[in-house]
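This is structure20.txt. It holds compact mmCIF, C-alpha atoms.
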# COMPACT_ATOMS: atom_id res chain seq x y z
CA MET A 94 35.86 183.65 39.19
CA THR A 95 32.60 181.77 39.56
CA TYR A 96 33.56 179.55 42.48
CA SER A 97 31.81 180.17 45.79
CA PHE A 98 33.62 178.93 48.85
CA ASP A 99 32.06 176.81 51.56
CA TRP A 100 34.55 176.44 54.38
CA GLY A 101 31.90 174.80 56.56
CA VAL A 102 32.72 171.55 54.81
CA LEU A 103 35.92 171.31 56.88
CA TRP A 104 33.91 171.48 60.09
CA ARG A 105 31.42 168.86 58.87
CA TYR A 106 34.32 166.49 58.14
CA ARG A 107 36.24 167.35 61.30
CA GLU A 108 36.28 163.79 62.58
CA GLN A 109 37.83 162.41 59.41
CA LEU A 110 40.33 165.28 59.35
CA VAL A 111 41.38 164.69 62.94
CA GLY A 112 41.70 160.97 62.20
CA GLY A 113 43.80 161.64 59.10
CA PHE A 114 45.95 164.14 60.95
CA SER A 115 46.63 161.64 63.76
CA LEU A 116 47.55 158.99 61.22
CA THR A 117 49.90 161.45 59.48
CA LEU A 118 51.55 162.17 62.82
CA ALA A 119 51.79 158.47 63.71
CA LEU A 120 53.35 157.67 60.32
CA SER A 121 55.81 160.52 60.67
CA VAL A 122 56.83 159.73 64.24
CA LEU A 123 57.34 155.99 63.56
CA GLY A 124 59.03 156.70 60.24
CA LEU A 125 61.27 159.15 62.03
CA ALA A 126 62.17 156.65 64.72
CA GLY A 127 63.13 154.14 62.04
CA ALA A 128 65.05 156.75 60.05
CA LEU A 129 67.01 157.81 63.13
CA GLY A 130 67.87 154.22 64.04
CA VAL A 131 68.98 153.22 60.56
CA GLY A 132 70.52 156.61 59.82
CA VAL A 133 72.69 156.85 62.92
CA LEU A 134 73.91 153.29 62.39
CA ALA A 135 74.63 153.85 58.68
CA GLY A 136 76.16 157.30 59.27
CA ALA A 137 78.49 156.01 61.98
CA SER A 138 79.41 152.94 59.88
CA ALA A 139 80.17 155.14 56.89
CA GLU A 140 82.78 156.87 59.03
CA SER A 141 84.13 153.58 60.35
CA GLU A 142 87.76 152.61 59.81
CA ARG A 143 86.84 149.08 58.74
CA ARG A 144 86.07 148.41 55.10
CA TRP A 145 82.98 146.20 55.30
CA PRO A 146 80.76 148.43 57.40
CA ARG A 147 81.88 151.40 55.33
CA GLY A 148 81.03 149.70 52.04
CA ILE A 149 77.64 148.42 53.17
CA ALA A 150 76.66 151.79 54.62
CA ALA A 151 77.74 153.62 51.45
CA ALA A 152 75.76 151.20 49.26
CA TYR A 153 72.64 151.59 51.40
CA ILE A 154 72.89 155.38 51.41
CA GLU A 155 73.34 155.66 47.64
CA ILE A 156 70.59 153.19 46.77
CA ALA A 157 68.00 154.54 49.22
CA ARG A 158 68.64 158.14 48.25
CA ASN A 159 68.57 157.68 44.51
CA VAL A 160 65.25 155.83 44.32
CA PRO A 161 62.01 157.84 44.61
CA LEU A 162 60.07 157.49 47.86
CA LEU A 163 57.02 156.39 45.88
CA VAL A 164 59.01 153.43 44.54
CA HIS A 165 60.16 152.59 48.08
CA LEU A 166 56.52 152.52 49.17
CA TYR A 167 55.39 150.42 46.20
CA PHE A 168 58.27 148.05 46.82
CA TRP A 169 56.98 147.19 50.30
CA TYR A 170 53.32 147.37 49.38
CA LEU A 171 53.26 145.68 45.95
CA GLY A 172 56.66 144.09 45.53
CA LEU A 173 56.66 142.18 48.79
CA THR A 174 52.97 141.26 48.82
CA ALA A 175 54.07 137.85 50.07
CA LEU A 176 54.85 139.44 53.44
CA ARG A 177 51.24 140.71 53.70
CA LEU A 178 52.31 143.81 55.61
CA PRO A 179 49.47 146.23 56.41
CA ALA A 180 49.64 149.40 54.28
CA PHE A 181 50.42 151.52 57.32
CA TRP A 182 53.56 149.53 58.12
CA CYS A 183 54.60 149.59 54.48
CA GLY A 184 54.40 153.36 54.81
CA VAL A 185 56.50 153.36 57.97
CA LEU A 186 59.14 151.07 56.45
CA GLY A 187 59.31 153.01 53.19
CA LEU A 188 59.54 156.38 54.94
CA GLY A 189 62.05 155.12 57.51
CA LEU A 190 64.43 153.50 55.05
CA TYR A 191 64.20 156.36 52.56
CA SER A 192 64.79 159.10 55.15
CA GLY A 193 67.36 156.99 56.97
CA ALA A 194 69.79 157.61 54.12
CA TYR A 195 69.38 161.35 54.60
CA VAL A 196 69.84 161.00 58.36
CA ALA A 197 73.04 159.03 57.66
CA GLU A 198 74.40 161.86 55.51
CA ILE A 199 73.55 164.37 58.24
CA VAL A 200 75.21 162.22 60.91
CA ARG A 201 78.27 161.89 58.72
CA SER A 202 78.61 165.61 58.17
CA GLY A 203 78.16 166.15 61.91
CA LEU A 204 80.94 163.70 62.74
CA GLN A 205 83.21 165.26 60.16
CA GLY A 206 82.43 168.70 61.56
CA VAL A 207 84.19 167.96 64.83
CA PRO A 208 87.84 168.99 64.42
CA ALA A 209 90.25 166.02 64.23
CA GLY A 210 92.50 167.70 66.77
CA GLN A 211 89.90 167.07 69.45
CA ARG A 212 89.98 163.30 68.95
CA ALA A 213 93.76 163.43 69.04
CA ALA A 214 93.61 165.46 72.23
CA GLY A 215 91.19 162.94 73.73
CA LEU A 216 93.49 160.04 72.87
CA ALA A 217 96.50 161.94 74.18
CA SER A 218 94.78 162.57 77.50
CA GLY A 219 94.12 158.85 77.91
CA LEU A 220 90.43 158.47 76.99
CA SER A 221 89.31 155.30 75.24
CA ARG A 222 87.79 155.47 71.74
CA ARG A 223 84.34 154.94 73.17
CA GLN A 224 84.79 157.68 75.74
CA ILE A 225 86.01 160.06 73.06
CA LEU A 226 82.92 159.42 70.96
CA ARG A 227 80.58 159.75 73.90
CA HIS A 228 82.03 162.75 75.68
CA ILE A 229 83.77 164.69 72.93
CA VAL A 230 82.49 163.89 69.47
CA TYR A 231 78.75 163.18 69.82
CA PRO A 232 77.78 166.18 71.98
CA GLN A 233 79.35 168.56 69.48
CA ALA A 234 78.16 166.67 66.42
CA LEU A 235 74.58 166.80 67.72
CA ARG A 236 74.74 170.55 67.89
CA ILE A 237 76.12 170.82 64.38
CA VAL A 238 73.34 168.68 62.92
CA ALA A 239 70.41 170.18 64.86
CA PRO A 240 69.18 172.50 62.06
CA SER A 241 69.52 169.81 59.34
CA LEU A 242 67.67 167.30 61.50
CA ALA A 243 64.85 169.77 62.08
CA GLY A 244 64.64 170.25 58.30
CA LEU A 245 64.58 166.51 57.75
CA PHE A 246 61.77 165.95 60.24
CA SER A 247 59.52 168.48 58.54
CA GLN A 248 60.42 166.92 55.19
CA LEU A 249 59.35 163.55 56.55
CA ILE A 250 55.93 164.84 57.58
CA LYS A 251 55.36 166.18 54.09
CA ASP A 252 56.69 163.00 52.49
CA SER A 253 54.23 160.94 54.52
CA SER A 254 51.48 162.32 52.23
CA LEU A 255 52.66 159.81 49.60
CA ALA A 256 51.40 156.99 51.82
CA SER A 257 47.91 158.00 50.66
CA VAL A 258 48.86 156.40 47.33
CA ILE A 259 49.19 152.99 48.97
CA SER A 260 45.80 153.58 50.61
CA VAL A 261 46.87 154.67 54.09
CA ALA A 262 44.00 156.95 55.23
CA GLU A 263 46.22 159.80 56.36
CA LEU A 264 45.57 163.51 55.82
CA THR A 265 45.98 163.69 52.04
CA PHE A 266 43.84 160.58 51.61
CA VAL A 267 41.10 162.19 53.74
CA ALA A 268 41.22 165.34 51.58
CA GLY A 269 40.70 163.15 48.53
CA ALA A 270 37.74 161.46 50.23
CA ILE A 271 36.17 164.80 51.18
CA GLU A 272 36.64 165.97 47.62
CA GLY A 273 35.02 162.83 46.31
CA ASP A 274 31.99 163.32 48.58
CA THR A 275 31.42 167.04 48.23
CA PHE A 276 33.38 168.34 45.20
CA ARG A 277 34.77 170.95 47.61
CA THR A 278 38.23 170.46 46.15
CA PHE A 279 39.72 173.80 47.00
CA GLU A 280 38.54 173.89 50.61
CA ALA A 281 39.69 170.33 51.26
CA TYR A 282 43.22 170.85 49.96
CA ILE A 283 43.69 174.30 51.48
CA GLY A 284 42.42 172.89 54.77
CA ILE A 285 44.99 170.11 54.86
CA THR A 286 47.71 172.48 53.67
CA VAL A 287 47.12 174.53 56.80
CA LEU A 288 47.30 171.39 58.94
CA TYR A 289 50.59 170.35 57.30
CA LEU A 290 51.99 173.84 57.86
CA VAL A 291 51.08 173.67 61.54
CA ALA A 292 52.64 170.23 61.96
CA VAL A 293 55.80 171.12 60.05
CA THR A 294 56.34 174.38 61.93
CA ALA A 295 55.66 172.76 65.30
CA ILE A 296 57.95 169.80 64.73
CA SER A 297 60.91 171.84 63.52
CA GLN A 298 60.61 174.28 66.41
CA ILE A 299 60.36 171.44 68.93
CA THR A 300 63.37 169.66 67.43
CA LEU A 301 65.53 172.76 67.46
CA TRP A 302 64.48 173.60 70.99
CA THR A 303 65.11 170.16 72.50
CA LEU A 304 68.43 169.67 70.73
CA ARG A 305 69.67 173.16 71.58
CA SER A 306 68.80 172.99 75.25
CA ARG A 307 70.29 169.54 75.79
CA ILE A 308 73.70 169.89 74.29
CA VAL A 309 76.90 171.72 75.01
CA GLU A 310 78.29 174.70 73.21
CA PRO A 311 80.86 173.75 70.58
CA ALA A 312 84.39 173.87 71.86
CA MET A 313 86.44 176.87 70.94
CA GLN A 314 88.42 176.45 67.75
CA TYR A 315 91.92 177.73 67.36
CA MET B 29 63.99 136.42 39.99
CA ASP B 30 62.59 136.20 36.48
CA LEU B 31 63.29 139.43 34.65
CA SER B 32 61.77 138.33 31.33
CA VAL B 33 58.64 140.36 32.07
CA VAL B 34 60.83 143.48 31.81
CA GLY B 35 62.28 142.27 28.49
CA ARG B 36 58.83 141.56 27.04
CA ASN B 37 57.65 145.09 27.82
CA LEU B 38 60.92 146.83 27.13
CA PRO B 39 59.81 149.13 24.26
CA TYR B 40 56.88 150.43 26.34
CA LEU B 41 58.97 150.87 29.48
CA ALA B 42 61.84 152.48 27.59
CA ALA B 43 59.45 155.02 26.05
CA ALA B 44 58.12 155.76 29.54
CA PHE B 45 61.67 156.16 30.86
CA ALA B 46 62.32 158.64 28.06
CA LEU B 47 59.22 160.57 29.13
CA THR B 48 60.48 160.61 32.72
CA LEU B 49 63.87 161.98 31.64
CA GLN B 50 62.26 164.52 29.33
CA THR B 51 59.88 165.67 32.08
CA ALA B 52 62.77 165.94 34.52
CA ALA B 53 64.75 168.07 32.05
CA LEU B 54 61.73 170.31 31.52
CA VAL B 55 61.03 170.87 35.22
CA ILE B 56 64.73 171.29 36.03
CA ALA B 57 64.97 174.10 33.47
CA GLY B 58 61.62 175.65 34.46
CA GLY B 59 62.28 175.28 38.19
CA THR B 60 65.74 176.84 37.99
CA VAL B 61 64.54 179.90 36.09
CA THR B 62 61.46 180.35 38.30
CA GLY B 63 63.51 179.74 41.44
CA LEU B 64 66.11 182.29 40.36
CA LEU B 65 63.44 184.94 39.76
CA LEU B 66 61.71 184.06 43.02
CA GLY B 67 65.00 184.24 44.93
CA LEU B 68 65.70 187.67 43.45
CA ALA B 69 62.14 188.79 44.29
CA ARG B 70 62.67 187.62 47.87
CA ASP B 71 65.47 190.19 48.25
CA ALA B 72 63.85 192.85 46.04
CA GLY B 73 63.81 196.53 46.87
CA LEU B 74 60.01 196.76 46.97
CA SER B 75 58.69 195.44 50.27
CA ALA B 76 55.42 194.26 48.67
CA VAL B 77 57.34 192.05 46.23
CA ARG B 78 59.58 190.82 49.02
CA GLY B 79 56.60 189.99 51.23
CA ALA B 80 54.71 188.18 48.46
CA ALA B 81 57.77 186.08 47.62
CA ALA B 82 58.36 185.25 51.29
CA LEU B 83 54.72 184.21 51.71
CA TYR B 84 54.82 182.01 48.64
CA ILE B 85 58.09 180.35 49.64
CA GLY B 86 56.89 179.72 53.20
CA LEU B 87 53.58 178.29 52.02
CA ILE B 88 55.08 175.93 49.45
CA ARG B 89 57.85 174.73 51.73
CA GLY B 90 55.25 173.73 54.30
CA THR B 91 53.14 171.79 51.79
CA PRO B 92 53.73 168.26 50.46
CA LEU B 93 54.48 167.95 46.75
CA LEU B 94 51.51 165.64 46.27
CA VAL B 95 49.15 168.29 47.67
CA VAL B 96 50.63 170.96 45.38
CA VAL B 97 50.09 168.68 42.38
CA PHE B 98 46.51 167.92 43.49
CA VAL B 99 45.78 171.62 43.94
CA VAL B 100 47.02 172.41 40.42
CA TYR B 101 45.18 169.47 38.87
CA PHE B 102 41.91 169.39 40.81
CA ALA B 103 41.46 172.70 42.62
CA LEU B 104 42.87 175.41 40.34
CA PRO B 105 40.45 174.70 37.46
CA ALA B 106 37.55 175.68 39.73
CA LEU B 107 39.23 179.02 40.42
CA ILE B 108 40.70 180.00 37.08
CA GLY B 109 38.29 178.19 34.80
CA HIS B 110 41.06 176.45 32.84
CA ARG B 111 41.64 172.74 33.07
CA PHE B 112 45.17 171.39 32.71
CA THR B 113 45.89 167.96 31.31
CA ALA B 114 47.43 165.62 33.87
CA TYR B 115 50.86 166.07 32.32
CA GLN B 116 50.62 169.87 32.28
CA ALA B 117 49.36 169.89 35.88
CA ALA B 118 52.28 167.72 37.00
CA VAL B 119 54.84 169.93 35.25
CA VAL B 120 53.30 173.14 36.63
CA GLY B 121 53.07 171.61 40.10
CA PHE B 122 56.69 170.41 40.11
CA ILE B 123 57.98 173.78 38.93
CA ALA B 124 55.84 175.71 41.42
CA PHE B 125 57.07 173.41 44.19
CA ILE B 126 60.78 173.23 43.51
CA ALA B 127 61.06 176.96 42.74
CA ALA B 128 60.47 177.70 46.42
CA TYR B 129 63.41 175.50 47.40
CA ILE B 130 65.71 176.73 44.65
CA ALA B 131 64.86 180.32 45.61
CA GLU B 132 66.32 179.73 49.07
CA ASP B 133 69.46 178.19 47.57
CA VAL B 134 69.78 181.18 45.26
CA ARG B 135 69.56 183.54 48.21
CA SER B 136 72.20 181.78 50.26
CA GLY B 137 74.41 181.58 47.16
CA MET B 138 74.08 185.32 46.62
CA ARG B 139 74.84 186.03 50.25
CA SER B 140 78.06 184.08 50.00
CA VAL B 141 79.44 186.81 47.75
CA PRO B 142 81.34 189.22 50.02
CA ARG B 143 79.66 192.59 50.48
CA GLY B 144 82.88 194.40 49.68
CA GLN B 145 82.69 193.16 46.09
CA ILE B 146 79.23 194.64 45.63
CA GLU B 147 80.41 197.95 47.08
CA ALA B 148 83.51 197.86 44.91
CA GLY B 149 81.33 197.28 41.85
CA LEU B 150 79.02 200.16 42.73
CA ALA B 151 81.98 202.41 43.52
CA SER B 152 83.56 201.71 40.15
CA GLY B 153 80.43 203.01 38.45
CA LEU B 154 78.47 199.84 37.63
CA ALA B 155 74.69 200.06 37.84
CA ARG B 156 72.93 197.79 40.39
CA GLY B 157 71.74 195.49 37.61
CA GLN B 158 75.27 195.23 36.26
CA VAL B 159 76.68 194.41 39.69
CA LEU B 160 74.11 191.65 39.99
CA ARG B 161 74.74 190.28 36.52
CA LEU B 162 78.50 190.68 36.27
CA VAL B 163 79.73 190.34 39.84
CA VAL B 164 77.24 188.56 42.07
CA LEU B 165 75.49 185.95 39.91
CA PRO B 166 78.56 184.40 38.23
CA GLN B 167 80.09 183.65 41.62
CA ALA B 168 76.81 182.76 43.32
CA ILE B 169 75.88 180.23 40.64
CA ARG B 170 79.24 178.51 40.93
CA ARG B 171 78.78 178.24 44.68
CA MET B 172 75.23 176.96 44.25
CA ILE B 173 76.15 173.93 42.13
CA PRO B 174 75.97 171.29 44.92
CA ALA B 175 72.71 172.64 46.34
CA LEU B 176 71.16 172.97 42.88
CA PHE B 177 72.06 169.43 41.88
CA ASN B 178 70.56 168.18 45.13
CA GLN B 179 67.31 169.79 44.04
CA PHE B 180 67.67 168.39 40.52
CA VAL B 181 68.04 164.84 41.83
CA ARG B 182 65.01 165.43 44.06
CA LEU B 183 63.08 166.64 41.02
CA LEU B 184 64.03 163.59 39.00
CA LYS B 185 62.70 161.40 41.80
CA PHE B 186 59.62 163.61 42.17
CA THR B 187 58.55 162.98 38.58
CA SER B 188 57.33 159.58 39.83
CA VAL B 189 54.55 161.41 41.69
CA ALA B 190 52.99 162.33 38.32
CA SER B 191 51.85 158.71 38.11
CA VAL B 192 49.38 159.42 40.92
CA ILE B 193 47.32 161.75 38.69
CA GLY B 194 47.54 159.31 35.79
CA VAL B 195 50.63 160.32 33.82
CA THR B 196 52.23 157.18 32.39
CA GLU B 197 55.82 158.12 32.97
CA LEU B 198 58.15 155.37 34.17
CA THR B 199 56.36 154.63 37.47
CA GLY B 200 52.89 154.86 35.93
CA ALA B 201 53.92 152.62 33.02
CA THR B 202 55.49 150.05 35.34
CA LEU B 203 52.31 149.90 37.41
CA ALA B 204 50.27 149.51 34.22
CA VAL B 205 52.45 146.60 33.09
CA ASN B 206 52.17 145.09 36.56
CA ALA B 207 48.37 145.36 36.43
CA ARG B 208 48.41 143.16 33.32
CA GLU B 209 51.23 140.76 34.16
CA PHE B 210 51.27 140.80 37.95
CA LYS B 211 55.00 140.36 38.42
CA PRO B 212 55.57 143.11 40.99
CA LEU B 213 58.97 142.14 42.31
CA PRO B 214 60.96 142.04 39.03
CA LEU B 215 59.12 145.09 37.70
CA LEU B 216 59.70 147.18 40.81
CA THR B 217 63.34 146.10 41.02
CA ALA B 218 63.90 147.20 37.42
CA LEU B 219 62.04 150.44 38.19
CA ALA B 220 64.25 151.17 41.18
CA LEU B 221 67.36 150.36 39.16
CA ALA B 222 66.34 152.73 36.35
CA TYR B 223 65.77 155.61 38.78
CA PHE B 224 68.98 154.79 40.60
CA LEU B 225 71.05 154.95 37.41
CA ALA B 226 69.46 158.20 36.27
CA CYS B 227 69.75 159.90 39.67
CA TYR B 228 73.26 158.66 40.29
CA ALA B 229 74.39 159.89 36.87
CA LEU B 230 72.84 163.28 37.57
CA SER B 231 74.58 163.58 40.93
CA LEU B 232 77.91 162.52 39.39
CA LEU B 233 77.43 165.29 36.82
CA GLY B 234 76.85 167.71 39.70
CA ARG B 235 80.02 166.57 41.48
CA TRP B 236 82.04 166.89 38.30
CA LEU B 237 80.72 170.40 37.58
CA ASN B 238 81.42 171.38 41.16
CA ARG B 239 85.01 170.13 40.98
CA ARG B 240 85.48 172.04 37.79
CA TYR B 241 83.82 175.33 38.63
CA ALA B 242 83.72 175.62 42.42
CA ILE B 243 85.34 178.66 43.95
CA ALA B 244 87.75 177.84 46.72
CA SER B 245 86.57 179.69 49.80

The structure in this file should be written as structure tokens.
Amino acid sequence: MTYSFDWGVLWRYREQLVGGFSLTLALSVLGLAGALGVGVLAGASAESERRWPRGIAAAYIEIARNVPLLVHLYFWYLGLTALRLPAFWCGVLGLGLYSGAYVAEIVRSGLQGVPAGQRAAGLASGLSRRQILRHIVYPQALRIVAPSLAGLFSQLIKDSSLASVISVAELTFVAGAIEGDTFRTFEAYIGITVLYLVAVTAISQITLWTLRSRIVEPAMQY
Amino acid sequence: MDLSVVGRNLPYLAAAFALTLQTAALVIAGGTVTGLLLGLARDAGLSAVRGAAALYIGLIRGTPLLVVVFVVYFALPALIGHRFTAYQAAVVGFIAFIAAYIAEDVRSGMRSVPRGQIEAGLASGLARGQVLRLVVLPQAIRRMIPALFNQFVRLLKFTSVASVIGVTELTGATLAVNAREFKPLPLLTALALAYFLACYALSLLGRWLNRRYAIAS
């Protein structure tokens, strides 16, 4: 091995790295908000008793999931150039709509995980459909999906690296720039890997912790 | 929308689609084998092997695919003194990446086999390797089908990332055609449709295999 390391390069480029890291976090948080909005709506519609919402939700989920994220991003960035959306918002839209399909699947499995007998019991004891969803189904479903949601959030942070391809100056883009300036390829990519690891670990712990502490224990099953 | 631009470039795009499918098949095979070995190493008897596998899996699962591909293509040559072509780097990167995810699926599949069966196998005189090969793996693999096919579909989508380091698979080829013709909307729609068909077919195959081979639990 003839390569000599120079980790000081990370310190010299600290400002760019911090900027890239903040942009990665901003992309992830906004993408996540979009994914949750679309995903909860699509997931609940997919479980609806009416045909139209069910069909539309199923079509959205299948299409969004079976097309690569990179193609989602290019679609907003290149395909819809007429809209003149800034690259950052193309990234948010692409990430949100792509991950939304996964959120929908998680929501669906959470709703299905609540035993049917509990809805029947709710109806029998005189609650309205809305009350049943709010007081019986959702609190338990949230607990069921907590680990999958935590996994999805960390996935989203990692996926946001693809926004560098449509020229959003997030973390991976910054690493490429540092590499271009200094040829310190290894240091740059290992440096951002550590930052991604920190973000991913933090976000999944925070998600698990907030969801666990805010929701009820699942009801006993007979 | 005028799709004639797709028709004009069909031979080129079809060849690129074939490369995408071929790459996906290659990394699916490579990733499954590597992931299986890694999953076994993660539960190995030797604690050093176990620790190394755990470290690798944790590191990869916290890193974006794009960064893994960049490390293999740009950074590894400086360390090992061997330069991969873009295509080789993409394939190595995809396999190295997905193996960490498949390893975890392998582990949970193996754990789904009841302990009593392993003990029964050992008690009836099978060696540990035989218990693994004849009792645990056949059942574990059948239980792993849905999880594995999830990863396979992910891999098929991931192959698009190879375009970023200059491989002209389907995404790279479509962008190249777009650079000449500048008809982004029809080209990207056709691109999305091609991936959709391939991924959907792959997940249908997974569902069919699962219906056929799943073990009722």

For chain A, list the residues within 7 Å of chain B, counting only C-alpha atoms, and write the list as a short mmCIF file (atom, residue, chain, number, x, y, z; two decimals) with C-alpha atoms, in the frame of the given file.
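Produced file result26.cif, reproduced below:
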data_model
loop_
_atom_site.label_atom_id
_atom_site.label_comp_id
_atom_site.auth_asym_id
_atom_site.auth_seq_id
_atom_site.Cartn_x
_atom_site.Cartn_y
_atom_site.Cartn_z
CA MET A 94 35.86 183.65 39.19
CA TYR A 96 33.56 179.55 42.48
CA ILE A 156 70.59 153.19 46.77
CA ASN A 159 68.57 157.68 44.51
CA VAL A 160 65.25 155.83 44.32
CA PRO A 161 62.01 157.84 44.61
CA LEU A 163 57.02 156.39 45.88
CA VAL A 164 59.01 153.43 44.54
CA PHE A 168 58.27 148.05 46.82
CA LEU A 171 53.26 145.68 45.95
CA GLY A 172 56.66 144.09 45.53
CA LEU A 173 56.66 142.18 48.79
CA LYS A 251 55.36 166.18 54.09
CA ASP A 252 56.69 163.00 52.49
CA SER A 254 51.48 162.32 52.23
CA LEU A 255 52.66 159.81 49.60
CA THR A 278 38.23 170.46 46.15
CA PHE A 279 39.72 173.80 47.00
CA TYR A 282 43.22 170.85 49.96
CA THR A 286 47.71 172.48 53.67
CA TYR A 289 50.59 170.35 57.30
CA LEU A 290 51.99 173.84 57.86
CA VAL A 293 55.80 171.12 60.05
#

So the first atom is CA of Ile193 (chain B) and the second is CA of Ala53 (chain B); what is the distance between them in Å, to one decimal place?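 Value for the CA of Ile193 (chain B)-CA of Ala53 (chain B) distance: 19.7 Å.
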
Between A:Val111, A:Phe266, A:Leu245, A:Tyr106, which has the minimum distance to Leu288 (chain A) (counting all atoms listed in the file)?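 The closest residue to Leu288 (chain A) is A:Val111.
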
Could you state the separation of CA of Thr60 (chain B) and CA of Ala44 (chain B) in Å, given to one decimal place?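 Between these atoms lies a distance of 24.0 Å.
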
Gln298 (chain A) environment, 12 Å, all atoms listed in the file, sequence neighbours closer than 4 positions dropped, as an NGL selection string: :A and (239-240 or 242-244 or 246-247 or 291-294 or 302-305)

Quick test: take region 282-303 of chain A, keep C-alpha atoms, and write it as a PDB file, in the first residue's frame.
ATOM      1  CA  TYR A 282     -15.701   9.265   1.237  1.00  0.00           C
ATOM      2  CA  ILE A 283     -14.811   7.699   4.582  1.00  0.00           C
ATOM      3  CA  GLY A 284     -15.519  11.062   6.209  1.00  0.00           C
ATOM      4  CA  ILE A 285     -19.010  11.306   4.783  1.00  0.00           C
ATOM      5  CA  THR A 286     -19.653   7.626   5.515  1.00  0.00           C
ATOM      6  CA  VAL A 287     -19.115   8.391   9.189  1.00  0.00           C
ATOM      7  CA  LEU A 288     -21.501  11.354   8.965  1.00  0.00           C
ATOM      8  CA  TYR A 289     -24.167   9.189   7.298  1.00  0.00           C
ATOM      9  CA  LEU A 290     -23.717   6.536   9.986  1.00  0.00           C
ATOM     10  CA  VAL A 291     -24.201   9.137  12.700  1.00  0.00           C
ATOM     11  CA  ALA A 292     -27.324  10.558  11.055  1.00  0.00           C
ATOM     12  CA  VAL A 293     -28.836   7.142  10.348  1.00  0.00           C
ATOM     13  CA  THR A 294     -28.216   5.841  13.868  1.00  0.00           C
ATOM     14  CA  ALA A 295     -29.520   9.024  15.477  1.00  0.00           C
ATOM     15  CA  ILE A 296     -32.685   9.188  13.396  1.00  0.00           C
ATOM     16  CA  SER A 297     -33.674   5.572  13.920  1.00  0.00           C
ATOM     17  CA  GLN A 298     -33.102   5.797  17.672  1.00  0.00           C
ATOM     18  CA  ILE A 299     -35.101   9.028  17.901  1.00  0.00           C
ATOM     19  CA  THR A 300     -37.969   7.557  15.867  1.00  0.00           C
ATOM     20  CA  LEU A 301     -38.158   4.415  17.958  1.00  0.00           C
ATOM     21  CA  TRP A 302     -37.982   6.393  21.164  1.00  0.00           C
ATOM     22  CA  THR A 303     -40.687   8.941  20.302  1.00  0.00           C
TER      23      THR A 303
END
